[in-house]
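Q: You'll find run.cif just under this line, and it carries mmCIF, C-alpha atoms and all ligand atoms.
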data_my_file
#
loop_
_atom_site.label_atom_id
_atom_site.label_comp_id
_atom_site.auth_asym_id
_atom_site.auth_seq_id
_atom_site.Cartn_x
_atom_site.Cartn_y
_atom_site.Cartn_z
CA MET A 21 -11.71 -19.86 0.68
CA SER A 22 -8.30 -20.69 2.01
CA ASN A 23 -5.65 -19.18 4.12
CA ILE A 24 -2.19 -18.78 2.62
CA SER A 25 0.98 -19.19 4.60
CA LEU A 26 4.57 -18.43 3.69
CA GLU A 27 7.35 -19.66 5.94
CA GLY A 28 10.94 -18.61 5.38
CA VAL A 29 10.26 -18.23 1.67
CA THR A 30 13.40 -17.31 -0.24
CA LYS A 31 14.15 -16.90 -3.94
CA ARG A 32 17.63 -16.67 -5.35
CA TYR A 33 17.65 -16.38 -9.14
CA PRO A 34 20.35 -18.02 -11.20
CA GLY A 35 23.17 -15.51 -11.32
CA GLY A 36 22.87 -14.83 -7.62
CA VAL A 37 20.14 -12.16 -7.25
CA LEU A 38 18.48 -12.64 -3.85
CA ALA A 39 15.00 -11.45 -4.88
CA VAL A 40 13.11 -12.65 -1.76
CA ASP A 41 14.90 -13.15 1.53
CA GLY A 42 13.09 -15.42 3.99
CA VAL A 43 9.59 -13.93 4.24
CA ASP A 44 6.92 -15.16 6.67
CA ILE A 45 3.23 -14.31 6.66
CA ASP A 46 -0.07 -15.98 7.50
CA ILE A 47 -2.89 -14.60 5.38
CA GLU A 48 -6.32 -15.38 6.77
CA SER A 49 -9.14 -16.82 4.77
CA GLY A 50 -11.02 -13.93 3.10
CA GLU A 51 -8.35 -11.40 3.89
CA PHE A 52 -7.11 -8.76 1.42
CA VAL A 53 -3.35 -8.40 1.84
CA THR A 54 -1.20 -6.06 -0.25
CA LEU A 55 2.50 -6.47 -0.94
CA VAL A 56 3.80 -2.95 -1.42
CA GLY A 57 7.28 -1.57 -1.93
CA PRO A 58 9.59 0.08 -4.42
CA SER A 59 10.51 -1.37 -7.79
CA GLY A 60 12.69 -4.46 -7.52
CA CYS A 61 11.94 -5.22 -3.84
CA GLY A 62 10.57 -8.69 -4.62
CA LYS A 63 6.78 -8.25 -4.69
CA THR A 64 6.15 -9.97 -8.00
CA THR A 65 8.55 -12.81 -7.22
CA THR A 66 6.72 -13.42 -3.92
CA LEU A 67 3.35 -13.46 -5.69
CA ARG A 68 4.68 -15.78 -8.41
CA MET A 69 5.87 -18.20 -5.73
CA ILE A 70 2.33 -18.26 -4.30
CA ALA A 71 0.94 -18.84 -7.80
CA GLY A 72 3.50 -21.52 -8.62
CA PHE A 73 5.21 -19.74 -11.51
CA GLU A 74 8.43 -19.67 -9.48
CA THR A 75 9.75 -22.28 -7.05
CA PRO A 76 11.29 -21.05 -3.80
CA THR A 77 14.97 -21.74 -3.23
CA ASP A 78 14.05 -22.24 0.40
CA GLY A 79 10.99 -22.18 2.65
CA GLU A 80 7.39 -23.37 2.34
CA VAL A 81 4.20 -22.12 0.69
CA ALA A 82 0.86 -23.51 1.88
CA ILE A 83 -2.63 -22.82 0.54
CA GLY A 84 -5.31 -24.10 2.91
CA ASP A 85 -4.06 -27.36 4.40
CA ASN A 86 -1.84 -28.17 1.43
CA ASP A 87 1.88 -27.64 1.20
CA VAL A 88 2.13 -26.44 -2.42
CA THR A 89 5.79 -25.40 -2.38
CA ASP A 90 6.65 -27.66 -5.30
CA ALA A 91 3.19 -27.96 -6.91
CA PRO A 92 2.65 -26.61 -10.45
CA PRO A 93 0.26 -23.62 -10.89
CA TYR A 94 -2.68 -25.71 -12.14
CA GLU A 95 -2.73 -27.75 -8.93
CA ARG A 96 -2.95 -24.68 -6.67
CA ASP A 97 -6.42 -23.43 -7.50
CA THR A 98 -5.54 -19.76 -7.59
CA GLY A 99 -6.85 -17.11 -9.98
CA MET A 100 -4.39 -14.54 -11.25
CA VAL A 101 -4.82 -11.12 -12.85
CA PHE A 102 -1.94 -9.21 -14.45
CA GLN A 103 -1.29 -5.59 -15.25
CA ASP A 104 -1.61 -6.14 -19.00
CA PHE A 105 -4.97 -8.01 -18.63
CA ALA A 106 -3.65 -10.84 -20.86
CA LEU A 107 -7.08 -11.54 -22.35
CA PHE A 108 -7.09 -13.82 -25.39
CA PRO A 109 -7.62 -11.38 -28.28
CA HIS A 110 -9.16 -13.81 -30.75
CA MET A 111 -11.76 -15.13 -28.28
CA THR A 112 -15.06 -13.52 -27.35
CA ILE A 113 -15.57 -12.25 -23.81
CA ARG A 114 -17.75 -15.28 -23.09
CA GLU A 115 -14.96 -17.61 -24.26
CA ASN A 116 -12.37 -15.70 -22.26
CA VAL A 117 -14.37 -15.94 -19.04
CA ALA A 118 -15.20 -19.61 -19.68
CA TYR A 119 -11.58 -20.51 -20.43
CA GLY A 120 -10.46 -21.79 -17.02
CA MET A 121 -13.63 -23.81 -16.51
CA GLU A 122 -13.41 -25.34 -20.00
CA ALA A 123 -9.76 -26.22 -19.49
CA SER A 124 -10.45 -28.01 -16.20
CA GLY A 125 -12.93 -30.36 -17.88
CA GLU A 126 -14.89 -30.45 -14.62
CA TYR A 127 -17.98 -28.52 -15.67
CA THR A 128 -20.96 -29.11 -17.97
CA ASP A 129 -21.83 -26.57 -20.68
CA GLU A 130 -24.85 -25.45 -18.63
CA GLU A 131 -22.72 -24.87 -15.56
CA ILE A 132 -20.22 -22.88 -17.61
CA ASP A 133 -22.93 -20.73 -19.23
CA ALA A 134 -24.54 -19.99 -15.88
CA ARG A 135 -21.22 -19.15 -14.25
CA VAL A 136 -20.11 -16.87 -17.11
CA ALA A 137 -23.40 -14.97 -16.83
CA GLU A 138 -22.97 -14.73 -13.06
CA MET A 139 -19.40 -13.43 -13.40
CA LEU A 140 -20.38 -10.82 -15.98
CA GLU A 141 -23.11 -9.63 -13.59
CA LEU A 142 -20.60 -9.50 -10.76
CA VAL A 143 -18.27 -7.21 -12.72
CA GLU A 144 -21.29 -5.23 -13.96
CA LEU A 145 -20.77 -5.95 -17.66
CA PRO A 146 -23.66 -8.28 -18.47
CA GLY A 147 -24.02 -7.10 -22.08
CA VAL A 148 -20.56 -7.72 -23.53
CA ALA A 149 -20.40 -11.53 -23.85
CA ASP A 150 -20.26 -11.56 -27.64
CA ARG A 151 -17.69 -8.83 -28.08
CA THR A 152 -13.94 -9.34 -28.41
CA PRO A 153 -11.45 -7.68 -26.02
CA ASP A 154 -10.49 -4.95 -28.52
CA GLN A 155 -14.09 -3.71 -28.37
CA LEU A 156 -13.79 -2.90 -24.65
CA SER A 157 -12.12 -0.03 -22.78
CA GLY A 158 -9.09 -0.65 -20.57
CA GLY A 159 -11.18 -0.62 -17.41
CA GLN A 160 -13.72 -3.01 -18.93
CA GLN A 161 -10.96 -5.37 -20.06
CA GLN A 162 -9.58 -5.43 -16.54
CA ARG A 163 -13.03 -6.35 -15.16
CA ILE A 164 -13.19 -9.20 -17.65
CA ALA A 165 -9.73 -10.38 -16.62
CA LEU A 166 -11.06 -10.45 -13.06
CA ALA A 167 -14.21 -12.34 -14.13
CA ARG A 168 -12.03 -14.86 -15.96
CA ALA A 169 -9.82 -15.40 -12.90
CA LEU A 170 -12.83 -15.85 -10.60
CA ALA A 171 -14.98 -18.06 -12.84
CA PRO A 172 -13.41 -21.42 -11.82
CA LYS A 173 -14.01 -20.55 -8.12
CA PRO A 174 -10.35 -20.38 -7.10
CA LYS A 175 -9.28 -20.67 -3.46
CA ALA A 176 -7.36 -17.41 -3.69
CA LEU A 177 -7.05 -14.42 -5.98
CA LEU A 178 -3.58 -13.12 -6.90
CA LEU A 179 -3.34 -9.67 -8.45
CA ASP A 180 -0.12 -8.27 -9.92
CA GLU A 181 -0.43 -4.48 -10.38
CA PRO A 182 -3.85 -4.98 -12.03
CA LEU A 183 -4.72 -1.28 -12.05
CA ALA A 184 -1.34 0.16 -13.02
CA SER A 185 -2.18 0.79 -16.67
CA LEU A 186 -5.44 2.62 -15.96
CA ASP A 187 -5.63 6.40 -15.75
CA LYS A 188 -5.96 7.93 -12.29
CA LYS A 189 -9.74 8.37 -12.21
CA LEU A 190 -10.49 4.92 -13.58
CA ARG A 191 -7.89 3.46 -11.28
CA GLU A 192 -9.63 4.94 -8.25
CA GLN A 193 -13.01 3.66 -9.43
CA MET A 194 -11.57 0.21 -9.97
CA GLN A 195 -10.00 0.20 -6.50
CA VAL A 196 -13.47 0.55 -5.01
CA GLU A 197 -14.97 -1.92 -7.47
CA LEU A 198 -12.29 -4.53 -6.89
CA ARG A 199 -12.74 -4.33 -3.14
CA ARG A 200 -16.55 -4.60 -3.51
CA ILE A 201 -16.22 -7.74 -5.61
CA GLN A 202 -13.59 -9.24 -3.30
CA GLU A 203 -15.80 -8.68 -0.26
CA GLU A 204 -18.91 -9.93 -2.02
CA ILE A 205 -17.36 -13.33 -2.70
CA GLY A 206 -15.08 -13.26 0.35
CA ILE A 207 -12.05 -14.53 -1.53
CA THR A 208 -8.57 -14.51 0.03
CA THR A 209 -6.61 -11.97 -2.02
CA VAL A 210 -2.96 -11.03 -2.41
CA PHE A 211 -2.48 -7.78 -4.27
CA VAL A 212 0.84 -6.40 -5.51
CA THR A 213 1.37 -2.69 -6.07
CA HIS A 214 4.17 -0.14 -5.86
CA ASN A 215 1.52 2.53 -5.27
CA GLN A 216 1.47 3.32 -1.55
CA GLU A 217 -1.82 5.21 -1.73
CA GLU A 218 -3.52 2.21 -3.32
CA ALA A 219 -2.06 -0.08 -0.66
CA LEU A 220 -3.27 2.17 2.17
CA THR A 221 -6.80 2.55 0.85
CA MET A 222 -7.54 -1.02 -0.26
CA SER A 223 -6.01 -3.47 2.17
CA ASP A 224 -7.00 -5.26 5.36
CA ARG A 225 -3.28 -5.54 5.97
CA LEU A 226 -0.24 -4.55 4.04
CA ALA A 227 3.23 -6.02 3.95
CA VAL A 228 5.79 -3.33 3.18
CA MET A 229 8.69 -4.91 1.29
CA ASN A 230 12.24 -3.65 1.02
CA ASP A 231 15.16 -5.50 -0.47
CA GLY A 232 13.45 -8.90 -0.48
CA ARG A 233 12.17 -8.68 3.11
CA PHE A 234 8.96 -7.71 4.87
CA GLU A 235 9.83 -4.56 6.81
CA GLN A 236 6.41 -4.36 8.47
CA ILE A 237 3.07 -6.14 8.26
CA GLY A 238 -0.10 -4.62 9.66
CA PRO A 239 -3.39 -2.80 9.02
CA PRO A 240 -2.96 0.43 7.03
CA GLU A 241 -3.60 2.78 10.00
CA GLU A 242 -1.09 0.96 12.16
CA VAL A 243 1.66 0.89 9.55
CA TYR A 244 1.05 4.56 8.71
CA ASP A 245 0.82 5.80 12.31
CA ASP A 246 3.37 3.47 13.89
CA PRO A 247 6.06 2.74 11.32
CA ASP A 248 8.72 0.31 12.50
CA SER A 249 11.46 1.88 10.43
CA ARG A 250 12.51 5.04 8.65
CA PHE A 251 12.02 3.21 5.36
CA VAL A 252 8.36 2.40 6.10
CA ALA A 253 7.66 5.95 7.34
CA ASP A 254 9.21 7.44 4.25
CA PHE A 255 7.66 5.03 1.77
CA LEU A 256 4.07 5.28 3.00
CA GLY A 257 2.47 8.69 2.69
CA THR A 258 4.35 11.87 3.51
CA ALA A 259 6.56 12.00 6.58
CA ASN A 260 8.55 14.78 8.18
CA ILE A 261 11.64 12.93 9.34
CA PHE A 262 14.09 14.36 11.87
CA ASP A 263 17.38 12.46 11.96
CA GLY A 264 19.39 12.91 15.13
CA VAL A 265 20.85 11.42 18.28
CA ILE A 266 19.01 10.79 21.54
CA ALA A 267 20.25 13.32 24.10
CA SER A 268 18.18 11.96 26.97
CA ALA A 269 15.56 9.29 27.48
CA GLU A 270 13.22 8.76 30.42
CA ASP A 271 9.68 7.58 31.18
CA GLY A 272 8.81 6.54 27.65
CA TYR A 273 10.00 9.81 26.08
CA ALA A 274 13.22 10.90 24.38
CA THR A 275 14.77 14.22 23.52
CA VAL A 276 16.53 14.06 20.19
CA ASP A 277 19.21 16.48 19.02
CA CYS A 278 19.14 17.15 15.28
CA ASP A 279 21.43 19.54 13.40
CA ASP A 280 18.88 22.34 13.32
CA VAL A 281 16.53 21.59 16.17
CA THR A 282 15.80 19.57 19.29
CA ILE A 283 12.63 17.50 19.20
CA ARG A 284 10.80 15.45 21.81
CA SER A 285 9.13 12.17 20.97
CA THR A 286 7.53 9.17 22.56
CA ASN A 287 10.02 6.35 23.01
CA PRO A 288 7.93 3.30 23.93
CA ALA A 289 10.75 0.90 23.08
CA GLY A 290 13.03 2.70 25.52
CA ILE A 291 15.84 3.29 23.00
CA ASP A 292 19.02 4.34 24.84
CA PRO A 293 20.67 7.77 24.82
CA ARG A 294 23.35 8.37 22.20
CA THR A 295 21.56 6.10 19.70
CA ASP A 296 21.13 7.41 16.16
CA VAL A 297 17.39 7.69 15.54
CA SER A 298 14.79 9.26 13.29
CA VAL A 299 11.71 11.02 14.61
CA VAL A 300 8.71 10.61 12.32
CA ALA A 301 6.10 13.37 12.34
CA ARG A 302 3.10 13.02 10.02
CA PRO A 303 1.84 16.22 8.33
CA GLU A 304 -1.67 15.93 9.81
CA ARG A 305 -0.28 15.96 13.35
CA PHE A 306 1.06 19.53 13.23
CA ARG A 307 -0.93 22.54 14.39
CA PHE A 308 -0.48 26.22 13.67
CA GLU A 309 0.07 28.23 16.81
CA GLY A 310 -0.42 31.66 15.35
CA ALA A 311 0.73 33.71 12.38
CA SER A 312 1.40 37.24 11.38
CA THR A 313 0.20 38.14 7.93
CA ASP A 314 2.54 41.09 7.41
CA GLY A 315 5.41 38.88 6.36
CA GLY A 316 7.50 40.36 9.15
CA ALA A 317 8.71 38.96 12.41
CA ALA A 318 6.63 36.51 14.38
CA THR A 319 4.18 37.97 16.85
CA SER A 320 5.18 38.05 20.51
CA GLU A 321 2.72 35.22 21.08
CA THR A 322 4.46 32.97 18.59
CA ALA A 323 7.88 34.06 19.79
CA THR A 324 6.99 32.75 23.25
CA LEU A 325 5.57 29.60 21.79
CA SER A 326 8.63 28.94 19.74
CA ASP A 327 10.60 28.64 22.97
CA SER A 328 8.34 25.79 23.93
CA ILE A 329 8.89 22.20 23.01
CA ASN A 330 8.46 21.00 19.40
CA ALA A 331 7.62 24.45 18.04
CA PHE A 332 9.01 25.52 14.69
CA ASP A 333 9.13 29.11 13.47
CA GLY A 334 9.17 29.67 9.76
CA THR A 335 7.63 31.04 6.62
CA ILE A 336 4.94 29.39 4.54
CA THR A 337 6.31 28.80 1.06
CA PHE A 338 3.55 26.80 -0.58
CA LYS A 339 -0.12 25.98 -0.18
CA ARG A 340 -2.42 23.71 -2.13
CA HIS A 341 -5.96 22.49 -1.64
CA LEU A 342 -6.43 18.73 -1.57
CA GLY A 343 -10.23 18.77 -1.37
CA SER A 344 -11.18 18.32 2.26
CA SER A 345 -7.71 19.31 3.46
CA VAL A 346 -4.99 21.84 2.67
CA GLU A 347 -1.29 21.09 2.36
CA PHE A 348 1.25 23.69 3.45
CA ARG A 349 5.01 23.74 3.12
CA LEU A 350 6.90 25.68 5.72
CA GLU A 351 10.54 26.65 5.55
CA THR A 352 11.73 26.75 9.14
CA ASP A 353 14.23 29.31 10.36
CA GLY A 354 16.62 26.38 10.76
CA GLY A 355 16.38 25.73 7.01
CA ARG A 356 14.19 22.63 7.14
CA GLU A 357 11.11 22.08 4.97
CA LEU A 358 8.06 20.82 6.85
CA VAL A 359 4.88 19.52 5.26
CA VAL A 360 1.73 20.32 7.25
CA VAL A 361 -1.76 19.14 6.32
CA ARG A 362 -4.83 20.71 7.96
CA ARG A 363 -8.55 20.37 7.41
CA SER A 364 -9.89 22.99 4.99
CA GLY A 365 -11.23 26.01 6.81
CA LEU A 366 -8.87 25.58 9.78
CA ASP A 367 -5.83 27.78 10.23
CA GLU A 368 -6.08 29.60 6.93
CA HIS A 369 -2.64 30.89 5.99
CA ALA A 370 -1.03 31.99 2.79
CA PRO A 371 2.44 31.73 1.27
CA GLY A 372 4.69 34.45 2.72
CA ASP A 373 3.07 34.32 6.19
CA ARG A 374 5.34 33.96 9.18
CA THR A 375 4.02 31.30 11.49
CA THR A 376 4.83 28.68 14.10
CA VAL A 377 3.78 25.07 13.92
CA THR A 378 3.88 22.64 16.82
CA ILE A 379 3.53 18.93 17.29
CA ASP A 380 2.90 17.03 20.51
CA PRO A 381 5.60 14.57 21.55
CA GLU A 382 2.75 12.00 21.70
CA ASP A 383 2.28 12.43 17.95
CA CYS A 384 5.96 11.77 17.19
CA ARG A 385 7.31 8.27 16.56
CA LEU A 386 10.87 7.22 17.17
CA VAL A 387 12.60 4.65 14.98
CA GLU A 388 16.20 3.51 15.08
CA ALA A 389 18.25 4.87 12.20
P1 LIG B 1 8.50 -4.11 -9.80
O1 LIG B 1 7.60 -3.26 -8.94
O2 LIG B 1 9.50 -3.30 -10.56
O3 LIG B 1 7.77 -5.11 -10.63
P2 LIG B 1 9.12 -6.14 -7.81
O4 LIG B 1 9.10 -5.63 -6.42
O5 LIG B 1 7.92 -6.88 -8.26
O6 LIG B 1 9.45 -4.95 -8.80
P3 LIG B 1 10.61 -8.47 -8.60
O7 LIG B 1 10.11 -8.46 -10.00
O8 LIG B 1 10.08 -9.51 -7.70
O9 LIG B 1 10.42 -7.05 -7.93
O10 LIG B 1 12.19 -8.57 -8.66
C1 LIG B 1 13.00 -8.66 -7.49
C2 LIG B 1 14.46 -8.74 -7.91
O11 LIG B 1 14.71 -9.96 -8.61
C3 LIG B 1 14.93 -7.64 -8.83
O12 LIG B 1 16.23 -7.29 -8.47
C4 LIG B 1 14.87 -8.26 -10.20
O13 LIG B 1 15.80 -7.66 -11.06
C5 LIG B 1 15.24 -9.70 -9.91
N1 LIG B 1 14.61 -10.64 -10.85
C6 LIG B 1 13.29 -10.76 -11.11
N2 LIG B 1 13.06 -11.76 -11.98
C7 LIG B 1 14.28 -12.29 -12.28
C8 LIG B 1 14.73 -13.37 -13.13
N3 LIG B 1 13.86 -14.12 -13.82
N4 LIG B 1 16.05 -13.62 -13.16
C9 LIG B 1 16.93 -12.90 -12.45
N5 LIG B 1 16.58 -11.89 -11.63
C10 LIG B 1 15.28 -11.58 -11.54
#
Spell out the structure here as structure tokens.
A:
Amino acid sequence: MSNISLEGVTKRYPGGVLAVDGVDIDIESGEFVTLVGPSGCGKTTTLRMIAGFETPTDGEVAIGDNDVTDAPPYERDTGMVFQDFALFPHMTIRENVAYGMEASGEYTDEEIDARVAEMLELVELPGVADRTPDQLSGGQQQRIALARALAPKPKALLLDEPLASLDKKLREQMQVELRRIQEEIGITTVFVTHNQEEALTMSDRLAVMNDGRFEQIGPPEEVYDDPDSRFVADFLGTANIFDGVIASAEDGYATVDCDDVTIRSTNPAGIDPRTDVSVVARPERFRFEGASTDGGAATSETATLSDSINAFDGTITFKRHLGSSVEFRLETDGGRELVVVRRSGLDEHAPGDRTTVTIDPEDCRLVEA
């Protein structure tokens, strides 16, 4: 397997659209990296430049030790899977999976037969070799597309929204399956999705793209817990974001004045007072401090608490169970909606309850606006 490196890779389409704007990344051999971001941010164009379907306007693409910036796709040794499967409809599954090996002219019939059987085992569809694609379900077709891409033993696997056309349940099954197969053969993989949940659950690292650039690259936990920008915080998962101005900053902390509230946050970068910033507070980081169930005023206990730092009085407006956790929405007395997620069984509250939620400054992240 090979590492993949992009250096200053840029793509300007005829007509002037700057689709990819100088991206750099070193993807390790065997790593699973996801390019994630909103529609039109340049994910597919980046992947197509790795595959060789597009040539960069600027910058370099290397696969292993080879600079492949100007090499055609067939010289790059990558396997690609698309959202629409793109199986050949008139060919049997066996012929589909064998296609890349046949086309290369490098393998004997015995080698091809053995490899096709091995690939069908790998994707857990050993019995379908003689069928045609229209005799398979969507999920099965996508497994075959994967088997076809992997059969010629490519150096890297490139996946462009491969699960997007599957329904939610199948999609989740295939996420697990795809990762199992990828780990089993240890192939370097670049995966494109606009689905942030998929990116967070599947990747060794993700590169969050915005407007043709990588806003942040890192392991899912790091990018989720320590976003570098408001965009990343907002795009990945749910974030409570407090926009304001730093009133004071000292010893790695900052106090931020927002329209409705003052909030305290860590400030490891030492951003200066009077800077416009956003404080990012993830829903799981809030705690309930106490609630009255009569729908009336907060209890004296919560009233005291609400004078303390990062405490928000309000009324619960919404509650839904997410399986092992419960999501609450709270309308604060300052008119802000907060999303709070707690483990099921903890802090049971109901819509209409008055309550106070708090968050430690240590659980708040500061990013420049
Ligand atoms: P999506 O999730 O919607 O597929 P994406 O992040 O993959 O989006 P790209 O397909 O890479 O985005 O497109 C990036 C930008 O380049 C967009 O503004 C798009 O309109 C533009 N673009 C893509 N292909 C071409 C092309 N062949 N000619 C001109 N502009 C293009």
Q: Counting all atoms listed in the file, which protein, DNA or RNA residues come within 6 Å of ligand LIG 1 (chain B), given as an mmCIF file with C-alpha atoms, keeping the file's coordinate frame?
A:
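Just written: pocket.cif:
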data_model
loop_
_atom_site.group_PDB
_atom_site.id
_atom_site.type_symbol
_atom_site.label_atom_id
_atom_site.label_comp_id
_atom_site.auth_asym_id
_atom_site.auth_seq_id
_atom_site.Cartn_x
_atom_site.Cartn_y
_atom_site.Cartn_z
ATOM 1 C CA TYR A 33 17.650 -16.380 -9.140
ATOM 2 C CA VAL A 37 20.140 -12.160 -7.250
ATOM 3 C CA ALA A 39 15.000 -11.450 -4.880
ATOM 4 C CA PRO A 58 9.590 0.080 -4.420
ATOM 5 C CA SER A 59 10.510 -1.370 -7.790
ATOM 6 C CA GLY A 60 12.690 -4.460 -7.520
ATOM 7 C CA CYS A 61 11.940 -5.220 -3.840
ATOM 8 C CA GLY A 62 10.570 -8.690 -4.620
ATOM 9 C CA LYS A 63 6.780 -8.250 -4.690
ATOM 10 C CA THR A 64 6.150 -9.970 -8.000
ATOM 11 C CA THR A 65 8.550 -12.810 -7.220
ATOM 12 C CA HIS A 214 4.170 -0.140 -5.860
#
Q: Could you jot down the atom CA of Gly79 of chain A to atom CA of Pro93 of chain A separation for me, Å, one decimal place?
A: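 We find that atom CA of Gly79 of chain A and atom CA of Pro93 of chain A lie 17.3 Å from each other.
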Q: Could you pull the residues within 10 Å of Leu256 of chain A, counting all atoms listed in the file, minus those fewer than 6 positions along the same chain, as a PyMOL selection string?
A: chain A and resi 56-57+215-217+219-220+228+240+243-245+247
Q: Create the file for the chosen residues now, containing C-alpha atoms and written as a compact mmCIF listing (two decimals), keeping the file's coordinate frame.
A:
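Everything below was put into part12.txt:
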# COMPACT_ATOMS: atom_id res chain seq x y z
CA VAL A 56 3.80 -2.95 -1.42
CA GLY A 57 7.28 -1.57 -1.93
CA ASN A 215 1.52 2.53 -5.27
CA GLN A 216 1.47 3.32 -1.55
CA GLU A 217 -1.82 5.21 -1.73
CA ALA A 219 -2.06 -0.08 -0.66
CA LEU A 220 -3.27 2.17 2.17
CA VAL A 228 5.79 -3.33 3.18
CA PRO A 240 -2.96 0.43 7.03
CA VAL A 243 1.66 0.89 9.55
CA TYR A 244 1.05 4.56 8.71
CA ASP A 245 0.82 5.80 12.31
CA PRO A 247 6.06 2.74 11.32
Q: Calculated over only C-alpha atoms, which of the candidates A:Gly264, A:Pro288, A:Gly158, A:Gly334 has the smallest distance to Thr352 of chain A?
A: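 Residue with the minimum atom-to-atom distance to Thr352 of chain A: A:Gly334.
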Q: Dump as a list of chain:residue names all residues having an atom at most 7 Å from (-10.8, -12.3, 2.5), computed in the file's coordinates with all atoms listed in the file.
A: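 Residues with an atom close enough to that point: A:Glu48, A:Ser49, A:Gly50, A:Glu51, A:Phe52, A:Glu203, A:Gly206, A:Ile207, A:Thr208, A:Thr209.
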Q: Write the residues of the preceding selection, restricted to C-alpha atoms, as a PDB file, in the frame of the given file.
A:
ATOM      1  CA  GLU A  48      -6.320 -15.380   6.770  1.00  0.00           C
ATOM      2  CA  SER A  49      -9.140 -16.820   4.770  1.00  0.00           C
ATOM      3  CA  GLY A  50     -11.020 -13.930   3.100  1.00  0.00           C
ATOM      4  CA  GLU A  51      -8.350 -11.400   3.890  1.00  0.00           C
ATOM      5  CA  PHE A  52      -7.110  -8.760   1.420  1.00  0.00           C
ATOM      6  CA  GLU A 203     -15.800  -8.680  -0.260  1.00  0.00           C
ATOM      7  CA  GLY A 206     -15.080 -13.260   0.350  1.00  0.00           C
ATOM      8  CA  ILE A 207     -12.050 -14.530  -1.530  1.00  0.00           C
ATOM      9  CA  THR A 208      -8.570 -14.510   0.030  1.00  0.00           C
ATOM     10  CA  THR A 209      -6.610 -11.970  -2.020  1.00  0.00           C
TER      11      THR A 209
END
Q: Give as a CSV table (one decimal) with C-alpha atoms, in the coordinates of the input the set of residues within 7 Å of the point (17.6, 1.2, 11.3), where distances use the file's coordinates and all atoms listed in the file.
A:
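Saved the output as out_17.csv:
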chain,number,residue,atom,x,y,z
A,249,SER,CA,11.5,1.9,10.4
A,250,ARG,CA,12.5,5.0,8.6
A,388,GLU,CA,16.2,3.5,15.1
A,389,ALA,CA,18.2,4.9,12.2
Q: Compare A:Val299, A:Val53, A:Ala267, A:Ile24 by their minimum atom-to-atom distance to Val387 of chain A, counting all atoms listed in the file, and give me the closest one.
A: A:Val299
Q: How many Å separate atom CA of Glu74 of chain A from atom CA of Ile205 of chain A?
A: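 Those two atoms sit 27.4 Å apart.
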Q: Can you tell me how far atom CA of Thr112 of chain A sits from atom CA of Asp150 of chain A, in Å to one decimal?
A: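 Separation of atom CA of Thr112 of chain A and atom CA of Asp150 of chain A: 5.6 Å.
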Q: Give the answer as one residue: which of A:Gly354, A:Gly159, A:Val346, A:Glu309 has the shortest atom-to-atom distance to Thr375 of chain A, using only C-alpha atoms?
A: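 Smallest distance to Thr375 of chain A is found for A:Glu309.
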Q: Calculated over only C-alpha atoms, which of the candidates A:Ile261, A:Val252, A:Ile70, A:Val117 has the smallest distance to Val297 of chain A?
A: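 Among the listed residues, the smallest separation from Val297 of chain A belongs to A:Ile261.
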Q: Using all atoms listed in the file, which protein or nucleic acid residues come within 8 Å of Asn260 of chain A? Drop anything in the same chain fewer than 3 positions from it, and give the result as a PyMOL selection string.
A: chain A and resi 300-303+358-359
Q: Please provide the set of residues having any atom within 8 Å of Val29 of chain A, restricted to only C-alpha atoms, with same-chain residues fewer than 6 positions apart removed, written as a list in words.
A: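 Residues near the query, excluding close chain neighbours: Val40, Asp41, Gly42, Val43, Asp44, Pro76, Thr77, Asp78, Gly79, Glu80 and Val81 of chain A.
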Q: I'd like the neighbourhood of Thr376 of chain A as a list in words, where a residue qualifies if any of its atoms comes within 6 Å (using only C-alpha atoms), though same-chain residues fewer than 4 positions away should be ignored.
A: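 Contacts, in chain order: Phe308, Glu309, Phe332 and Asp333 of chain A.
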Q: If you count only C-alpha atoms, which residues fall within 6 Å of Gly84 of chain A, apart from same-chain ones fewer than 2 positions away, as a ChimeraX atom specification?
A: /A:22-23,86
Q: Pick out the closest residue to Thr54 of chain A from this set: A:Ala370, A:Ala259, A:Leu178, A:Leu350. Count only C-alpha atoms.
A: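 Closest to Thr54 of chain A of all the choices is A:Leu178.
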Q: Taking only C-alpha atoms into account, which of A:Lys175, A:Gly372, A:Ser157, A:Phe234 comes nearest Asp187 of chain A?
A: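 Looking only at the distances to Asp187 of chain A, the closest residue turns out to be A:Ser157.
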